[in-house]
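Undergrad: Just passing along the structure, written as structure tokens.
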Amino acid sequence: MIVAVCIDDNMGMLFFGKRQSRDKKVVEDFIRSSAGGKAYIRNFSKKLFDGKDVIIDDNCLNIAGEKDWCFIENQDINSYASRISKIVIYKWNRDYPYDFTFKMPEGFTLEKSSEFTGNSHEKITREEYVK
Amino acid sequence: MKQKILSLLLVIILVLSFGACKKDKTVQQTTDGSSASTASQPSSSQELQQTTTQVSHTAETLSEKNLPEYAGKPYQIVNGNEPDFTDQLKSSAKAFENYTKLDSLKRCGAALACLGKETMPTEKRGSISSVKPSGWKSYTYDFVDGGSLYNRCHLIGFQLSAENANERNLITGTRYMNTQGMLPFENMTADYIKETDNHVLYRVTPIFVGSELVARGVQMEAYSVEDEGDGVCFNVYCFNVQPGVEINYKTGESKLAEQSKSVSTTAKQQNEKTSEFILNTSSHKFHKPDCNSVGNISDKNKSSFKGTRQELIDKGYKPCGACNP
């Protein structure tokens, strides 16, 4: 499966259980990227994907297939590393408060990097890591 | 009879106070000439009184008597991260901004607003150097990001309020508090508003001890109105400190902290020592070569640099918060 996460300059993801930031363009990019498989999100991300064709399942990291995508905002993905073939990281390129950080599973290396302008972010960096 | 006179006096004071607030806000809007004038004041006297009560109430909740002690982190959670807004304030998504009149020592009080896209700037920020907040002094230290110890620090950030050189919204704040304490919370709030078109109740209260001219810190509270705090909700205290510097909060004077003189000397030596660093040319952060974050920098944005730490800071790079190069 392919996992997508968003992080700030400090690898932060959440502060006090709330997402640090959001951007409509990231949601669009995730939906577009996952066209070859199913797009999973957890309940936490439900409002973010309102009206989008996604499957909501808190257990998605356990059930997603090889070509399926999971958008993860509030979970450590390290326990599922053996099931993950690719990690897509969206970088906000800004600082936000944080108390929950992203921990990159071992064995992944950067394969591809690109940038795009977000809806509310000047520059979002999109990186793809593979085993 | 005496009671009647007292009642009459009270009414007169209330009427004058209300009139003064309205006038003051008008003056601010005229002086600034900025888009902040699009934000409106609470429409009724009842709402205005409520706003004023809120401002005072928060200052009492976190006061000079119960200030948290700085322990190495730029901010600390207050009241379990729950902001202290009244139900009445939380129930209205109407934009307004309210800045407390300077006190007799020319110090700012709480700034309270209901922020939305309508309060945000539509043009670039102008100069704010004409404002000299209480305790304002000019000090530079080579280990401070950008050099200057103090910034004219917006209580409600320009990106949220479009308030430019408003003396009621600018305090003497350290670079550390401005960029590492307050800015992350402003960013979080600004992004949320831009992405949702929702409103955020937002209050920043500078906390002064006694007659000191420089605030010990600021309390920042926020609550997203339309989704009842689901998107944004925080209550934090940001420390107006600068690691390595001792601040005289009475006057704004500063000196190298005694206990950190040796550390600072080391820092100075570090700044001048030639080392190898890894740069993220995208985020403009620099790292030690063995920093865990280096693996996450794309080849396109990664480059190595051999030279002094100071050279990188002068080029606008910031040290990574994790490896502290």
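Convention: chains lettered A, B, ... in structure tokens order; per-chain residue numbering from 1; ligands numbered from 1 as shown.
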Within 9 Å of chain B, which residues belong to chain A? Use only C-alpha atoms and report them as a PDB file with C-alpha atoms, in the first residue's frame.
TA:
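Wrote out-v4.pdb, looks like this:
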ATOM      1  CA  ASP A   9       9.494  21.771   9.150  1.00  0.00           C
ATOM      2  CA  ASN A  10       9.872  19.925  12.459  1.00  0.00           C
ATOM      3  CA  MET A  11       8.346  16.660  11.190  1.00  0.00           C
ATOM      4  CA  PHE A  16      -3.052  18.485  20.980  1.00  0.00           C
ATOM      5  CA  LYS A  18      -5.527  18.617  15.940  1.00  0.00           C
ATOM      6  CA  ARG A  19      -3.966  18.703  12.491  1.00  0.00           C
ATOM      7  CA  GLN A  20      -1.393  21.415  12.068  1.00  0.00           C
ATOM      8  CA  SER A  21      -2.591  22.557   8.692  1.00  0.00           C
ATOM      9  CA  ARG A  22      -4.619  21.610   5.640  1.00  0.00           C
ATOM     10  CA  ASP A  23      -4.756  22.460   1.975  1.00  0.00           C
ATOM     11  CA  LYS A  24      -7.386  21.674  -0.630  1.00  0.00           C
ATOM     12  CA  ASN A  93       7.419  24.260   4.520  1.00  0.00           C
ATOM     13  CA  ARG A  94       6.236  26.187   7.572  1.00  0.00           C
ATOM     14  CA  ASP A  95       6.434  25.869  11.365  1.00  0.00           C
ATOM     15  CA  TYR A  96       3.385  24.911  13.405  1.00  0.00           C
ATOM     16  CA  PRO A  97       2.976  23.866  17.022  1.00  0.00           C
ATOM     17  CA  TYR A  98       3.485  20.130  17.401  1.00  0.00           C
ATOM     18  CA  MET A 104       9.955   7.557   8.955  1.00  0.00           C
ATOM     19  CA  THR A 109      14.773   6.217   0.430  1.00  0.00           C
ATOM     20  CA  LEU A 110      13.737   9.269  -1.489  1.00  0.00           C
ATOM     21  CA  GLU A 111      12.796   8.457  -5.086  1.00  0.00           C
ATOM     22  CA  LYS A 112      11.071  11.573  -6.342  1.00  0.00           C
ATOM     23  CA  SER A 113      10.435  15.141  -5.278  1.00  0.00           C
ATOM     24  CA  SER A 114       8.264  17.875  -6.724  1.00  0.00           C
ATOM     25  CA  ASN A 119      -4.517  26.770  -1.897  1.00  0.00           C
ATOM     26  CA  SER A 120      -3.211  28.470   1.247  1.00  0.00           C
ATOM     27  CA  HIS A 121       0.456  27.471   1.110  1.00  0.00           C
ATOM     28  CA  THR A 125       6.859  19.862  -1.404  1.00  0.00           C
ATOM     29  CA  GLU A 127       8.223  13.615  -1.804  1.00  0.00           C
ATOM     30  CA  TYR A 129       9.951   7.382  -0.619  1.00  0.00           C
TER      31      TYR A 129
END
Undergrad: Tell me, as a list in words, which residues lie within 12 Å of A:Phe44, counting only C-alpha atoms; anything in the same chain fewer than 3 positions away does not count.
TA: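 What passes the distance filter is Leu14, Gly17, Lys18, Arg19, Tyr40, Ile41, Lys47, Leu48, Phe49, Asp50, Ile56, Asp57, Asp58, Asn59, Phe71, Ile72, Glu73, Asn74 and Gln75 of chain A; Asp230 and Gly231 of chain B.
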Undergrad: Would you output that residue set with C-alpha atoms, as an mmCIF file, in the first residue's frame?
TA:
data_model
loop_
_atom_site.group_PDB
_atom_site.id
_atom_site.type_symbol
_atom_site.label_atom_id
_atom_site.label_comp_id
_atom_site.auth_asym_id
_atom_site.auth_seq_id
_atom_site.Cartn_x
_atom_site.Cartn_y
_atom_site.Cartn_z
ATOM 1 C CA LEU A 14 -0.483 17.165 15.205
ATOM 2 C CA GLY A 17 -4.891 16.085 18.698
ATOM 3 C CA LYS A 18 -5.527 18.617 15.940
ATOM 4 C CA ARG A 19 -3.966 18.703 12.491
ATOM 5 C CA TYR A 40 -8.624 5.173 2.313
ATOM 6 C CA ILE A 41 -8.832 7.717 5.103
ATOM 7 C CA LYS A 47 -14.273 16.440 7.266
ATOM 8 C CA LEU A 48 -11.163 17.109 5.209
ATOM 9 C CA PHE A 49 -12.420 14.782 2.473
ATOM 10 C CA ASP A 50 -16.062 15.806 2.641
ATOM 11 C CA ILE A 56 -13.378 5.710 5.721
ATOM 12 C CA ASP A 57 -11.855 2.995 7.857
ATOM 13 C CA ASP A 58 -9.759 3.413 11.001
ATOM 14 C CA ASN A 59 -8.231 0.036 10.268
ATOM 15 C CA PHE A 71 -4.085 9.187 4.029
ATOM 16 C CA ILE A 72 -2.799 9.137 7.600
ATOM 17 C CA GLU A 73 -2.888 12.133 9.936
ATOM 18 C CA ASN A 74 -2.935 10.758 13.459
ATOM 19 C CA GLN A 75 -1.172 7.417 13.529
ATOM 20 C CA ASP B 230 -12.913 21.241 16.127
ATOM 21 C CA GLY B 231 -10.468 22.916 13.754
#
Undergrad: As an NGL selection string, please: every residue in stretch 10-113 of chain A that DSSP puts in strand (DSSP E).
TA: :A and (12-15 or 18-19 or 39-41 or 55-56 or 69-71 or 86-91 or 100-101 or 109-113)
Undergrad: Report, in Å with one decimal, the straight-line distance from atom CA of B:Lys94 to atom CA of B:Glu163.
TA: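 Result for atom CA of B:Lys94 versus atom CA of B:Glu163: 17.8 Å, one decimal.
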Undergrad: Name all residues at most 12 Å from B:Ser104 (count only C-alpha atoms; drop same-chain ones fewer than 6 positions away) and give them as a PyMOL selection string.
TA: chain B and resi 134+211-213
Undergrad: Go ahead and write the selection's residues with C-alpha atoms as a PDB file, in the first residue's frame.
TA:
ATOM      1  CA  SER B 134       6.997  49.923  26.203  1.00  0.00           C
ATOM      2  CA  SER B 211       5.203  48.041  36.730  1.00  0.00           C
ATOM      3  CA  GLU B 212       7.567  46.245  34.394  1.00  0.00           C
ATOM      4  CA  LEU B 213       7.676  47.589  30.855  1.00  0.00           C
TER       5      LEU B 213
END
Undergrad: Compile the contact shell of B:His287 as a list of chain:residue names: residues with an atom at most 8 Å away, counting only C-alpha atoms, same-chain residues fewer than 6 positions apart removed.
TA: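 Answer for this query is B:Phe277, B:Ile278, B:Leu279, B:Ser293, B:Val294, B:Pro319, B:Cys320, B:Cys323, B:Asn324, B:Pro325.
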Undergrad: Closest to B:Asp145 among B:Thr174, B:Thr274, B:Asn79, B:Thr100, using only C-alpha atoms?
TA: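 Among the listed residues, B:Thr174 lies closest to B:Asp145.
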Undergrad: Using atom CA of A:Lys52 and atom CA of A:Val5 as the two end points, give the distance in Å to one decimal.
TA: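 Separating atom CA of A:Lys52 from atom CA of A:Val5 is a distance of 17.6 Å.
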Undergrad: Which residues are close to A:Lys123, i.e. within 8 Å by only C-alpha atoms, leaving aside same-chain residues fewer than 4 positions away? Reply as number ranges by chain.
TA: A: 92-93, 115-118
Undergrad: Find the residues near B:Cys153: any atom within 8 Å, counting only C-alpha atoms, skip ones fewer than 3 places away on the same chain, and give them as an MDAnalysis selection string.
TA: chainID B and resid 170:174 178
Undergrad: Please save N, CA and C atoms of the selected residues as an mmCIF file, in the first residue's frame.
TA:
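Saved result, again_29.cif, follows:
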data_model
loop_
_atom_site.group_PDB
_atom_site.id
_atom_site.type_symbol
_atom_site.label_atom_id
_atom_site.label_comp_id
_atom_site.auth_asym_id
_atom_site.auth_seq_id
_atom_site.Cartn_x
_atom_site.Cartn_y
_atom_site.Cartn_z
ATOM 1 N N LEU B 170 1.276 46.148 19.461
ATOM 2 C CA LEU B 170 2.704 45.850 19.327
ATOM 3 C C LEU B 170 3.398 45.913 20.674
ATOM 4 N N ILE B 171 4.083 44.824 21.021
ATOM 5 C CA ILE B 171 4.841 44.832 22.269
ATOM 6 C C ILE B 171 6.314 44.545 21.966
ATOM 7 N N THR B 172 7.135 44.780 22.978
ATOM 8 C CA THR B 172 8.545 44.438 22.863
ATOM 9 C C THR B 172 8.667 42.939 23.134
ATOM 10 N N GLY B 173 8.967 42.206 22.091
ATOM 11 C CA GLY B 173 9.048 40.746 22.235
ATOM 12 C C GLY B 173 10.360 40.228 21.704
ATOM 13 N N THR B 174 10.868 39.184 22.320
ATOM 14 C CA THR B 174 12.140 38.631 21.836
ATOM 15 C C THR B 174 11.934 37.940 20.490
ATOM 16 N N ASN B 178 8.757 35.611 19.319
ATOM 17 C CA ASN B 178 8.035 35.973 18.100
ATOM 18 C C ASN B 178 7.992 34.818 17.101
#
Undergrad: Fewer than 5 positions away in the same chain doesn't count, so skip those; otherwise give me all residues within 12 Å of A:Asn78, counting only C-alpha atoms, as number ranges by chain.
TA: A: 3, 61, 72, 83-84, 87, 102-108
Undergrad: When DSSP is applied to the backbone of this structure, which of stretch 3-121 of chain A are assigned helix (DSSP H, G or I)? Write them out as a PyMOL selection string.
TA: chain A and resi 24-36+43-45+47-49+60-63+78-83
Undergrad: How many Å lie between atom CA of A:Ser45 and atom CA of A:Cys6, rounded to one decimal?
TA: 12.0 Å
Undergrad: Using only C-alpha atoms, which residue out of B:Cys291, B:Ala215, B:Leu62, B:Arg152 lies closest to B:Ser129?
TA: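 So, comparing all the options, the nearest one is B:Arg152.
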Undergrad: So, counting only C-alpha atoms, which residue among B:Gln159, B:Thr251, B:Thr281, B:Asn151 is closest to B:Lys315?
TA: B:Thr281
Undergrad: Nearest residue to B:Asn166 out of B:Tyr99, B:Tyr150, B:Tyr141, B:Phe208, using only C-alpha atoms?
TA: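 Among the listed residues, the smallest separation from B:Asn166 belongs to B:Tyr99.
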